[in-house]
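To start, the structure itself, in structure tokens.
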Amino acid sequence: MAKLSQDELLEQFADMTLLELSDFVKKFEEKFDVEAAAPAAVVAAPGAGGGAAEAEPEKDEFDVVLTGAGDKKIQVIKVVRELTSLGLKEAKELVDSAPKAVVEKVTKEAADKAKESLEGAGASVEVK
């Protein structure tokens, strides 16, 4: 049998189903007396502070939550569309289903800017 290159081997694996690939891994482990194990997750050990609570790290990701549309619902929908990549229908549904997150996991500056824009349109907003 001719020796296959790494690329040719990868092509062969790509054509296999998950069951075939799983069976191959088992046979490979038996043949070469090895074990294919997933890497273990690193778990941070708790500090030995003798009951003293550690300071919570400063948040660097914020969510802007629309709590109410106010009197100018159309203006709020326009601002939601500007802040997100939502279409008109999706933006209207988001505004109608308040309280709902408009933008998630953004920086403090971006969250403040979004809050300012939404409040300027007449909405009530929370930053979490």
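If you're wondering about the labels, chains in the structure tokens are A, B, ... by order shown, residues count from 1 in each chain, ligands from 1 in order shown.
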Discussion item. Please return, as number ranges by chain, all residues of chain A that DSSP assigns to alpha helix (DSSP H) on the basis of the backbone.
Written reply: A: 6-14, 18-32, 73-83, 88-96, 108-120
Practice prompt. For CA of Lys59 in chain A and CA of Val106 in chain A, quote the distance in Å rounded to one decimal.
Written response: 10.5 Å
DSSP on the backbone, then: every residue of chain A marked strand (DSSP E), written as a short mmCIF file (atom, residue, chain, number, x, y, z; two decimals) with N, CA and C atoms, in the first residue's frame.
```cif
data_model
loop_
_atom_site.label_atom_id
_atom_site.label_comp_id
_atom_site.auth_asym_id
_atom_site.auth_seq_id
_atom_site.Cartn_x
_atom_site.Cartn_y
_atom_site.Cartn_z
N PHE A 62 -21.11 44.94 29.15
CA PHE A 62 -22.38 45.45 29.63
C PHE A 62 -23.49 45.14 28.63
N ASP A 63 -24.71 45.00 29.14
CA ASP A 63 -25.90 44.81 28.31
C ASP A 63 -26.79 46.04 28.46
N VAL A 64 -27.34 46.49 27.35
CA VAL A 64 -28.27 47.61 27.37
C VAL A 64 -29.66 47.02 27.20
N VAL A 65 -30.51 47.17 28.23
CA VAL A 65 -31.82 46.56 28.24
C VAL A 65 -32.89 47.63 28.10
N LEU A 66 -33.73 47.48 27.09
CA LEU A 66 -34.85 48.38 26.88
C LEU A 66 -35.96 47.97 27.83
N THR A 67 -36.35 48.86 28.74
CA THR A 67 -37.39 48.52 29.71
C THR A 67 -38.75 49.06 29.31
N GLY A 68 -38.77 50.05 28.43
CA GLY A 68 -40.03 50.60 27.97
C GLY A 68 -39.81 51.52 26.78
N LYS A 100 -36.22 43.95 27.17
CA LYS A 100 -35.44 43.10 26.28
C LYS A 100 -34.08 43.75 26.03
N ALA A 101 -33.03 42.93 25.94
CA ALA A 101 -31.69 43.45 25.67
C ALA A 101 -31.60 43.92 24.23
N VAL A 102 -31.10 45.13 24.04
CA VAL A 102 -30.91 45.68 22.70
C VAL A 102 -29.52 45.34 22.20
N VAL A 103 -28.51 45.65 22.99
CA VAL A 103 -27.13 45.27 22.69
C VAL A 103 -26.57 44.55 23.90
N GLU A 104 -25.75 43.53 23.65
CA GLU A 104 -25.21 42.72 24.73
C GLU A 104 -23.69 42.64 24.63
N LYS A 105 -23.07 42.52 25.79
CA LYS A 105 -21.62 42.32 25.91
C LYS A 105 -20.83 43.37 25.14
N VAL A 106 -21.11 44.63 25.44
CA VAL A 106 -20.38 45.74 24.82
C VAL A 106 -19.58 46.46 25.89
N SER A 124 -37.10 54.09 28.04
CA SER A 124 -36.49 53.89 29.33
C SER A 124 -35.53 52.69 29.22
N VAL A 125 -34.32 52.85 29.76
CA VAL A 125 -33.25 51.89 29.52
C VAL A 125 -32.49 51.61 30.80
N GLU A 126 -31.99 50.38 30.93
CA GLU A 126 -31.11 49.99 32.02
C GLU A 126 -29.82 49.45 31.42
N VAL A 127 -28.70 49.72 32.08
CA VAL A 127 -27.42 49.12 31.70
C VAL A 127 -27.07 48.11 32.77
#
```
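CA of Lys89 in chain A is found 28.1 Å from CA of Lys108 in chain A.
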Worksheet entry | Top pick for closest residue to Thr84 in chain A, considering A:Ala114, A:Lys31, A:Thr107, A:Glu61 and counting only C-alpha atoms |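 Residue with the minimum atom-to-atom distance to Thr84 in chain A: A:Ala114.
Residue nearest Ala91 in chain A, chosen from A:Asp112, A:Lys128, A:Glu30, A:Ala69 and counting only C-alpha atoms: A:Ala69.
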Discussion item. Using Å and a single decimal, report how far CA of Ala110 in chain A sits from CA of Ile77 in chain A.
Written reply: 18.4 Å
Practice prompt. Kindly indicate which residue among A:Asp60, A:Asp96, A:Glu90, A:Glu82 lies nearest to Leu118 in chain A, using only C-alpha atoms for the distances.
Written response: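 So, comparing all the options, the nearest one is A:Glu82.
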